[in-house]
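What's in model.cif: mmCIF, C-alpha atoms
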data_start
#
loop_
_atom_site.group_PDB
_atom_site.id
_atom_site.type_symbol
_atom_site.label_atom_id
_atom_site.label_comp_id
_atom_site.auth_asym_id
_atom_site.auth_seq_id
_atom_site.Cartn_x
_atom_site.Cartn_y
_atom_site.Cartn_z
ATOM 1 C CA MET A 1 -24.195 5.605 -1.314
ATOM 2 C CA GLU A 2 -23.057 3.757 -4.379
ATOM 3 C CA GLU A 3 -19.629 3.040 -2.946
ATOM 4 C CA TYR A 4 -21.268 1.237 -0.034
ATOM 5 C CA HIS A 5 -22.997 -1.210 -2.330
ATOM 6 C CA SER A 6 -19.920 -1.696 -4.492
ATOM 7 C CA GLY A 7 -17.834 -2.515 -1.445
ATOM 8 C CA ASP A 8 -20.409 -4.760 0.152
ATOM 9 C CA GLU A 9 -20.983 -6.811 -2.987
ATOM 10 C CA CYS A 10 -17.263 -7.190 -3.621
ATOM 11 C CA ILE A 11 -16.591 -8.489 -0.113
ATOM 12 C CA GLU A 12 -19.514 -10.896 -0.206
ATOM 13 C CA GLY A 13 -18.454 -12.227 -3.581
ATOM 14 C CA ILE A 14 -14.875 -12.907 -2.560
ATOM 15 C CA ILE A 15 -14.976 -14.086 1.058
ATOM 16 C CA GLY A 16 -18.678 -14.663 1.561
ATOM 17 C CA GLY A 17 -18.796 -18.219 2.791
ATOM 18 C CA VAL A 18 -15.193 -19.066 3.678
ATOM 19 C CA ASP A 19 -13.238 -19.308 6.932
ATOM 20 C CA TYR A 20 -10.135 -17.274 7.718
ATOM 21 C CA SER A 21 -7.096 -18.811 6.055
ATOM 22 C CA GLN A 22 -3.619 -17.375 6.544
ATOM 23 C CA ASN A 23 -2.519 -18.642 3.135
ATOM 24 C CA LYS A 24 -5.326 -17.054 1.219
ATOM 25 C CA VAL A 25 -5.919 -13.803 3.070
ATOM 26 C CA ASN A 26 -3.300 -12.015 0.972
ATOM 27 C CA GLN A 27 -5.179 -12.849 -2.240
ATOM 28 C CA TRP A 28 -8.510 -11.936 -0.686
ATOM 29 C CA THR A 29 -7.537 -8.440 0.364
ATOM 30 C CA ALA A 30 -5.873 -7.780 -2.980
ATOM 31 C CA SER A 31 -8.984 -9.015 -4.836
ATOM 32 C CA ILE A 32 -11.343 -6.979 -2.699
ATOM 33 C CA VAL A 33 -9.500 -3.708 -3.257
ATOM 34 C CA GLU A 34 -9.020 -4.361 -6.962
ATOM 35 C CA HIS A 35 -12.640 -5.259 -7.592
ATOM 36 C CA THR A 36 -13.973 -2.385 -5.539
ATOM 37 C CA LEU A 37 -11.728 0.040 -7.376
ATOM 38 C CA THR A 38 -12.794 -1.353 -10.754
ATOM 39 C CA GLN A 39 -16.452 -0.889 -9.897
ATOM 40 C CA LEU A 40 -15.847 2.685 -8.782
ATOM 41 C CA VAL A 41 -13.818 3.634 -11.841
ATOM 42 C CA LYS A 42 -16.543 2.173 -14.078
ATOM 43 C CA GLN A 43 -18.902 4.849 -12.815
ATOM 44 C CA GLY A 44 -16.813 7.304 -14.791
ATOM 45 C CA LYS A 45 -16.897 10.155 -12.282
ATOM 46 C CA PRO A 46 -13.999 12.638 -12.069
ATOM 47 C CA PHE A 47 -12.494 11.355 -8.833
ATOM 48 C CA LYS A 48 -9.239 9.955 -7.558
ATOM 49 C CA TYR A 49 -9.910 6.922 -5.373
ATOM 50 C CA ILE A 50 -8.178 5.222 -2.474
ATOM 51 C CA VAL A 51 -9.565 1.862 -1.340
ATOM 52 C CA ASN A 52 -8.297 0.355 1.892
ATOM 53 C CA CYS A 53 -9.200 -3.106 3.195
ATOM 54 C CA ALA A 54 -8.340 -4.821 6.488
ATOM 55 C CA VAL A 55 -9.214 -8.448 7.273
ATOM 56 C CA MET A 56 -8.839 -9.703 10.817
ATOM 57 C CA GLN A 57 -9.315 -13.141 12.260
ATOM 58 C CA LYS A 58 -11.861 -13.401 15.060
ATOM 59 C CA SER A 59 -9.977 -14.383 18.159
ATOM 60 C CA GLY A 60 -11.118 -12.000 20.836
ATOM 61 C CA ALA A 61 -8.464 -9.393 20.105
ATOM 62 C CA GLY A 62 -9.455 -5.765 20.039
ATOM 63 C CA LEU A 63 -9.155 -3.796 16.811
ATOM 64 C CA HIS A 64 -9.615 -0.086 16.308
ATOM 65 C CA THR A 65 -9.349 1.853 13.054
ATOM 66 C CA ALA A 66 -9.498 5.581 12.413
ATOM 67 C CA ASN A 67 -8.872 7.940 9.545
ATOM 68 C CA SER A 68 -8.353 11.643 9.117
ATOM 69 C CA CYS A 69 -8.666 13.572 5.876
ATOM 70 C CA TYR A 70 -7.494 16.993 4.786
ATOM 71 C CA TRP A 71 -9.555 17.911 1.736
ATOM 72 C CA ASP A 72 -12.387 19.971 0.348
ATOM 73 C CA THR A 73 -15.482 18.844 2.223
ATOM 74 C CA THR A 74 -17.839 20.116 -0.464
ATOM 75 C CA THR A 75 -16.471 17.866 -3.206
ATOM 76 C CA ASP A 76 -14.629 14.991 -1.489
ATOM 77 C CA GLY A 77 -15.863 12.191 0.708
ATOM 78 C CA SER A 78 -15.344 8.733 2.137
ATOM 79 C CA CYS A 79 -17.301 5.625 2.958
ATOM 80 C CA THR A 80 -16.497 2.701 5.263
ATOM 81 C CA VAL A 81 -18.062 -0.738 5.051
ATOM 82 C CA ARG A 82 -17.792 -3.207 7.922
ATOM 83 C CA TRP A 83 -18.499 -6.854 7.206
ATOM 84 C CA GLU A 84 -18.093 -10.047 9.192
ATOM 85 C CA ASN A 85 -18.720 -13.735 9.098
ATOM 86 C CA ARG A 86 -18.156 -16.499 11.625
ATOM 87 C CA THR A 87 -14.345 -16.412 11.519
ATOM 88 C CA MET A 88 -13.268 -12.953 10.431
ATOM 89 C CA TYR A 89 -13.952 -9.242 10.249
ATOM 90 C CA CYS A 90 -13.439 -7.143 7.146
ATOM 91 C CA VAL A 91 -13.337 -3.344 7.019
ATOM 92 C CA VAL A 92 -13.191 -1.573 3.658
ATOM 93 C CA SER A 93 -12.747 2.198 3.382
ATOM 94 C CA VAL A 94 -13.142 4.159 0.176
ATOM 95 C CA PHE A 95 -11.879 7.733 -0.158
ATOM 96 C CA ALA A 96 -12.840 9.834 -3.184
ATOM 97 C CA VAL A 97 -11.093 13.114 -3.981
ATOM 98 C CA ALA A 98 -12.479 15.262 -6.776
ATOM 99 C CA ILE A 99 -10.245 16.146 -9.673
ATOM 100 C CA ALA A 100 -10.083 19.819 -10.537
ATOM 101 C CA LEU A 101 -10.958 20.061 -14.197
ATOM 102 C CA MET B 1 -4.179 7.865 -14.073
ATOM 103 C CA CYS B 2 -2.540 4.766 -12.709
ATOM 104 C CA ARG B 3 -3.373 1.998 -10.302
ATOM 105 C CA VAL B 4 -1.159 1.147 -7.381
ATOM 106 C CA SER B 5 -1.735 -1.782 -5.046
ATOM 107 C CA LYS B 6 -0.003 -2.629 -1.780
ATOM 108 C CA GLY B 7 -0.506 -5.301 0.822
ATOM 109 C CA LEU B 8 0.699 -5.613 4.413
ATOM 110 C CA SER B 9 0.220 -8.477 6.843
ATOM 111 C CA LEU B 10 0.874 -9.032 10.526
ATOM 112 C CA ALA B 11 1.148 -11.887 12.996
ATOM 113 C CA THR B 12 -0.771 -14.949 11.963
ATOM 114 C CA SER B 13 -2.649 -17.488 14.006
ATOM 115 C CA SER B 14 -0.218 -20.266 13.201
ATOM 116 C CA GLY B 15 2.681 -18.742 15.075
ATOM 117 C CA ARG B 16 4.801 -15.670 15.461
ATOM 118 C CA SER B 17 5.894 -15.469 11.834
ATOM 119 C CA GLU B 18 5.407 -12.058 10.313
ATOM 120 C CA ARG B 19 5.376 -11.409 6.652
ATOM 121 C CA ARG B 20 5.321 -8.121 4.882
ATOM 122 C CA VAL B 21 4.288 -8.024 1.258
ATOM 123 C CA ARG B 22 4.722 -4.820 -0.666
ATOM 124 C CA HIS B 23 4.447 -4.111 -4.313
ATOM 125 C CA PHE B 24 6.617 -1.156 -5.125
ATOM 126 C CA HIS B 25 5.559 1.174 -7.841
ATOM 127 C CA ASP B 26 7.177 4.222 -9.242
ATOM 128 C CA ASN B 27 4.959 6.753 -7.520
ATOM 129 C CA ARG B 28 6.163 10.128 -6.459
ATOM 130 C CA TRP B 29 4.910 12.606 -3.932
ATOM 131 C CA GLY B 30 6.239 16.122 -3.658
ATOM 132 C CA SER B 31 7.066 17.205 -0.144
ATOM 133 C CA GLU B 32 7.419 20.670 -1.573
ATOM 134 C CA ARG B 33 3.742 20.602 -2.356
ATOM 135 C CA ARG B 34 3.070 24.028 -0.885
ATOM 136 C CA GLN B 35 5.957 25.609 -2.729
ATOM 137 C CA ARG B 36 4.848 24.058 -5.970
ATOM 138 C CA ARG B 37 1.612 25.973 -5.865
ATOM 139 C CA ASN B 38 3.560 29.221 -6.138
ATOM 140 C CA MET B 39 5.789 27.992 -8.894
ATOM 141 C CA ASP B 40 4.857 28.477 -12.473
ATOM 142 C CA ASP B 41 7.311 25.914 -13.755
ATOM 143 C CA ASP B 42 6.065 22.549 -14.924
ATOM 144 C CA GLN B 43 6.353 19.652 -12.514
ATOM 145 C CA SER B 44 9.528 17.898 -13.477
ATOM 146 C CA ALA B 45 10.548 14.618 -11.839
ATOM 147 C CA GLU B 46 13.355 16.262 -9.865
ATOM 148 C CA GLU B 47 10.930 18.491 -7.970
ATOM 149 C CA THR B 48 8.605 15.704 -6.881
ATOM 150 C CA ALA B 49 11.089 13.516 -5.054
ATOM 151 C CA PHE B 50 9.486 10.722 -3.065
ATOM 152 C CA VAL B 51 9.985 11.468 0.599
ATOM 153 C CA VAL B 52 8.652 8.369 2.256
ATOM 154 C CA ASP B 53 11.459 8.603 4.836
ATOM 155 C CA GLU B 54 10.305 11.985 6.006
ATOM 156 C CA VAL B 55 6.719 10.845 6.308
ATOM 157 C CA SER B 56 7.734 7.592 8.042
ATOM 158 C CA SER B 57 9.748 9.408 10.645
ATOM 159 C CA ILE B 58 6.937 11.841 11.362
ATOM 160 C CA VAL B 59 4.531 8.949 11.814
ATOM 161 C CA LYS B 60 6.903 6.979 14.046
ATOM 162 C CA GLU B 61 7.557 9.967 16.248
ATOM 163 C CA SER B 62 3.890 10.609 16.743
ATOM 164 C CA LEU B 63 3.259 6.936 17.562
ATOM 165 C CA GLU B 64 6.029 6.929 20.145
ATOM 166 C CA ALA B 65 4.725 10.122 21.652
ATOM 167 C CA VAL B 66 1.085 9.083 21.773
ATOM 168 C CA ILE B 67 1.169 5.371 22.572
ATOM 169 C CA GLY B 68 4.729 4.628 23.663
ATOM 170 C CA ARG B 69 4.848 1.544 25.852
ATOM 171 C CA ASN B 70 1.252 1.538 26.948
ATOM 172 C CA PRO B 71 -0.691 -1.700 26.876
ATOM 173 C CA TYR B 72 -3.812 -2.001 24.762
ATOM 174 C CA GLU B 73 -6.688 -0.268 26.543
ATOM 175 C CA HIS B 74 -10.051 -0.316 24.893
ATOM 176 C CA LYS B 75 -11.125 2.999 26.411
ATOM 177 C CA ARG B 76 -8.029 4.906 25.369
ATOM 178 C CA VAL B 77 -7.620 3.516 21.885
ATOM 179 C CA ASN B 78 -10.071 6.035 20.495
ATOM 180 C CA GLN B 79 -7.991 8.958 21.793
ATOM 181 C CA TRP B 80 -4.784 7.393 20.548
ATOM 182 C CA THR B 81 -5.942 6.947 16.989
ATOM 183 C CA SER B 82 -7.291 10.507 16.919
ATOM 184 C CA SER B 83 -4.049 11.919 18.299
ATOM 185 C CA VAL B 84 -1.878 10.005 15.885
ATOM 186 C CA VAL B 85 -3.814 11.119 12.840
ATOM 187 C CA GLU B 86 -3.945 14.717 14.017
ATOM 188 C CA GLN B 87 -0.213 14.929 14.495
ATOM 189 C CA CYS B 88 0.560 13.692 11.023
ATOM 190 C CA LEU B 89 -0.105 16.558 8.693
ATOM 191 C CA GLY B 90 -1.178 15.269 5.341
ATOM 192 C CA GLN B 91 -4.059 14.489 3.082
ATOM 193 C CA ILE B 92 -5.634 11.153 4.020
ATOM 194 C CA ILE B 93 -4.400 9.181 6.992
ATOM 195 C CA THR B 94 -5.669 5.843 8.222
ATOM 196 C CA CYS B 95 -4.629 4.252 11.481
ATOM 197 C CA ILE B 96 -5.255 0.682 12.684
ATOM 198 C CA ILE B 97 -4.482 -0.411 16.240
ATOM 199 C CA MET B 98 -4.686 -4.081 17.119
ATOM 200 C CA GLN B 99 -4.122 -5.904 20.382
ATOM 201 C CA LYS B 100 -1.495 -8.643 20.315
ATOM 202 C CA ASN B 101 -3.521 -11.747 20.766
ATOM 203 C CA GLY B 102 -2.320 -14.128 18.106
ATOM 204 C CA ALA B 103 -4.987 -13.064 15.626
ATOM 205 C CA GLY B 104 -4.039 -12.591 11.998
ATOM 206 C CA LEU B 105 -4.529 -9.216 10.318
ATOM 207 C CA GLN B 106 -4.135 -8.423 6.642
ATOM 208 C CA SER B 107 -4.461 -4.953 5.196
ATOM 209 C CA ALA B 108 -4.350 -3.885 1.554
ATOM 210 C CA SER B 109 -4.981 -0.713 -0.387
ATOM 211 C CA SER B 110 -5.482 0.117 -4.008
ATOM 212 C CA CYS B 111 -5.378 3.628 -5.416
ATOM 213 C CA PHE B 112 -6.532 5.270 -8.598
ATOM 214 C CA TRP B 113 -4.552 8.487 -8.962
ATOM 215 C CA ASP B 114 -1.887 10.314 -10.871
ATOM 216 C CA ASN B 115 1.332 8.391 -10.466
ATOM 217 C CA THR B 116 3.541 11.385 -11.114
ATOM 218 C CA THR B 117 2.160 13.607 -8.366
ATOM 219 C CA ASP B 118 0.533 11.347 -5.781
ATOM 220 C CA GLY B 119 1.964 8.805 -3.411
ATOM 221 C CA SER B 120 1.580 6.934 -0.153
ATOM 222 C CA CYS B 121 3.542 5.656 2.787
ATOM 223 C CA THR B 122 2.670 2.916 5.271
ATOM 224 C CA VAL B 123 4.318 2.590 8.678
ATOM 225 C CA ARG B 124 4.043 -0.528 10.801
ATOM 226 C CA TRP B 125 4.806 -0.038 14.478
ATOM 227 C CA GLU B 126 4.467 -2.202 17.558
ATOM 228 C CA ASN B 127 5.151 -2.297 21.227
ATOM 229 C CA LYS B 128 4.854 -5.166 23.676
ATOM 230 C CA HIS B 129 1.071 -5.083 23.723
ATOM 231 C CA LEU B 130 -0.237 -3.849 20.418
ATOM 232 C CA TYR B 131 0.364 -3.368 16.709
ATOM 233 C CA CYS B 132 -0.268 -0.156 14.861
ATOM 234 C CA ILE B 133 -0.428 0.452 11.113
ATOM 235 C CA VAL B 134 -0.547 4.021 9.843
ATOM 236 C CA SER B 135 -1.007 4.787 6.140
ATOM 237 C CA VAL B 136 -0.562 8.270 4.729
ATOM 238 C CA PHE B 137 -1.871 9.004 1.228
ATOM 239 C CA GLY B 138 -0.824 12.244 -0.415
ATOM 240 C CA LEU B 139 -2.799 13.596 -3.334
ATOM 241 C CA ALA B 140 -1.768 16.659 -5.271
ATOM 242 C CA ILE B 141 -4.405 19.326 -5.529
#
Entire entry expressed as structure tokens:
Amino acid sequence: MEEYHSGDECIEGIIGGVDYSQNKVNQWTASIVEHTLTQLVKQGKPFKYIVNCAVMQKSGAGLHTANSCYWDTTTDGSCTVRWENRTMYCVVSVFAVAIAL
Amino acid sequence: MCRVSKGLSLATSSGRSERRVRHFHDNRWGSERRQRRNMDDDQSAEETAFVVDEVSSIVKESLEAVIGRNPYEHKRVNQWTSSVVEQCLGQIITCIIMQKNGAGLQSASSCFWDNTTDGSCTVRWENKHLYCIVSVFGLAI
């Protein structure tokens, strides 16, 4: 799926080789969602998008995420990308809802 | 079409400080969505009042009912997240549950939608053992 590659490249480009930093994590998540959204909008398809990103420090804590969607399954869809490095996890979800033209 | 971005952060590794960052935008979401479908009038601003309070209270009630004071249990977390999202009637709902362990968590979302008809609401909830973030995104059909 194209969204998968957009999300994966965006994450890698922004937090690829860095360690978790409390000061910078705010900028990182904002950059990831903005860049992912820009890439998706560039494709020019008639969709509304929601991009969600969560970054968590690796410290042994448990984390669970879930989502539920009420939409038209023939035209709408979602995609979740899970990424990690040595010090943190990153989960990016993209939801695309078709626009009725 | 407009862009809306929001960020939310939780406990950090350097201590118990908690910081919430939100960027407010003038987005509106009609709670009378179902009624609007039957109306032939155009969608004026007065009809699409933002009802984040209503959505927040629904989310909080379902969190209290489903999780309550329970400690974080890896086996039950799956059921909890499913129950919480099922109880909240809406369009797109995401739920994050994290054990309180001193780890830092940052969550952000960015949306490309129609600012006059769509909106979102994020609820942050915690008990003694875990944090829970529920986001509800409402998109007009």
Open item on the list: Applying 6 Å and all atoms listed in the file, which residues near Ala98 (chain A) remain after dropping the ones on its own chain fewer than 3 positions away? List them as number ranges by chain.
Closed with: A: 47, 75-76
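CA of Ser68 (chain A) is positioned 10.9 Å from CA of Val134 (chain B).
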TODO: Counting all atoms listed in the file, figure out which residue out of B:Ser57, B:Ser135, B:Asn127, B:Ser62 gets nearest to chain A.
DONE: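 Checking each candidate against chain A, we get B:Ser135 as the closest.
Among the candidates B:Ser120, B:Ser107, B:Gln79, B:Asn70, the residue lying nearest to Ile93 (chain B) is B:Ser120 (atoms considered: all atoms listed in the file).
In terms of minimum interatomic distance to Leu139 (chain B), A:Ile50 ranks closest within A:Ile50, A:Cys79, A:Ala61, A:Ile32, counting all atoms listed in the file.
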Task: Neighbours of chain A in chain B at 6 Å, counting all atoms listed in the file, as a list in words - done: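 Result, ordered by chain then number: Thr81, Val85, Gln91, Ile92, Ile93, Thr94, Cys95, Ile96, Ile97, Met98, Gln99, Asn101, Ala103, Gly104, Leu105, Gln106, Ser107, Ala108, Ser109, Ser110, Cys111, Phe112 and Trp113 of chain B.
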Open item on the list: Here is a test: counting only C-alpha atoms, which residue of B:Trp125, B:Thr117, B:Pro71, B:Leu63 is nearest to Gly138 (chain B)?
Closed with: B:Thr117
Open item on the list: Quick check, in Å to one decimal: how far apart do CA of Val59 (chain B) and CA of Val123 (chain B) lie?
Closed with: 7.1 Å
TODO: Using all atoms listed in the file, determine which residues lie at most 9 Å from Lys100 (chain B), disregarding the query and same-chain residues fewer than 5 positions distant; provide the list as a ChimeraX atom specification.
DONE: /A:61-62 /B:11,72,128-131
Determine the axis-aligned bounding box of all atoms of region 17-21 of chain A present in the file, pad each side by 8 Å, and express its centre and edge lengths in Å to one decimal place as AutoDock Vina command-line options.
--center_x -12.9 --center_y -18.3 --center_z 5.3 --size_x 27.7 --size_y 18.0 --size_z 20.9
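Here CA of Ile67 (chain B) and CA of Cys132 (chain B) stand 9.6 Å from one another.
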TODO: Tell me which residues the PyMOL selection byres ((chain A and resi 10-13) around 8) grabs here, as a PyMOL selection string.
DONE: chain A and resi 6-9+14-17+32+35-36+83
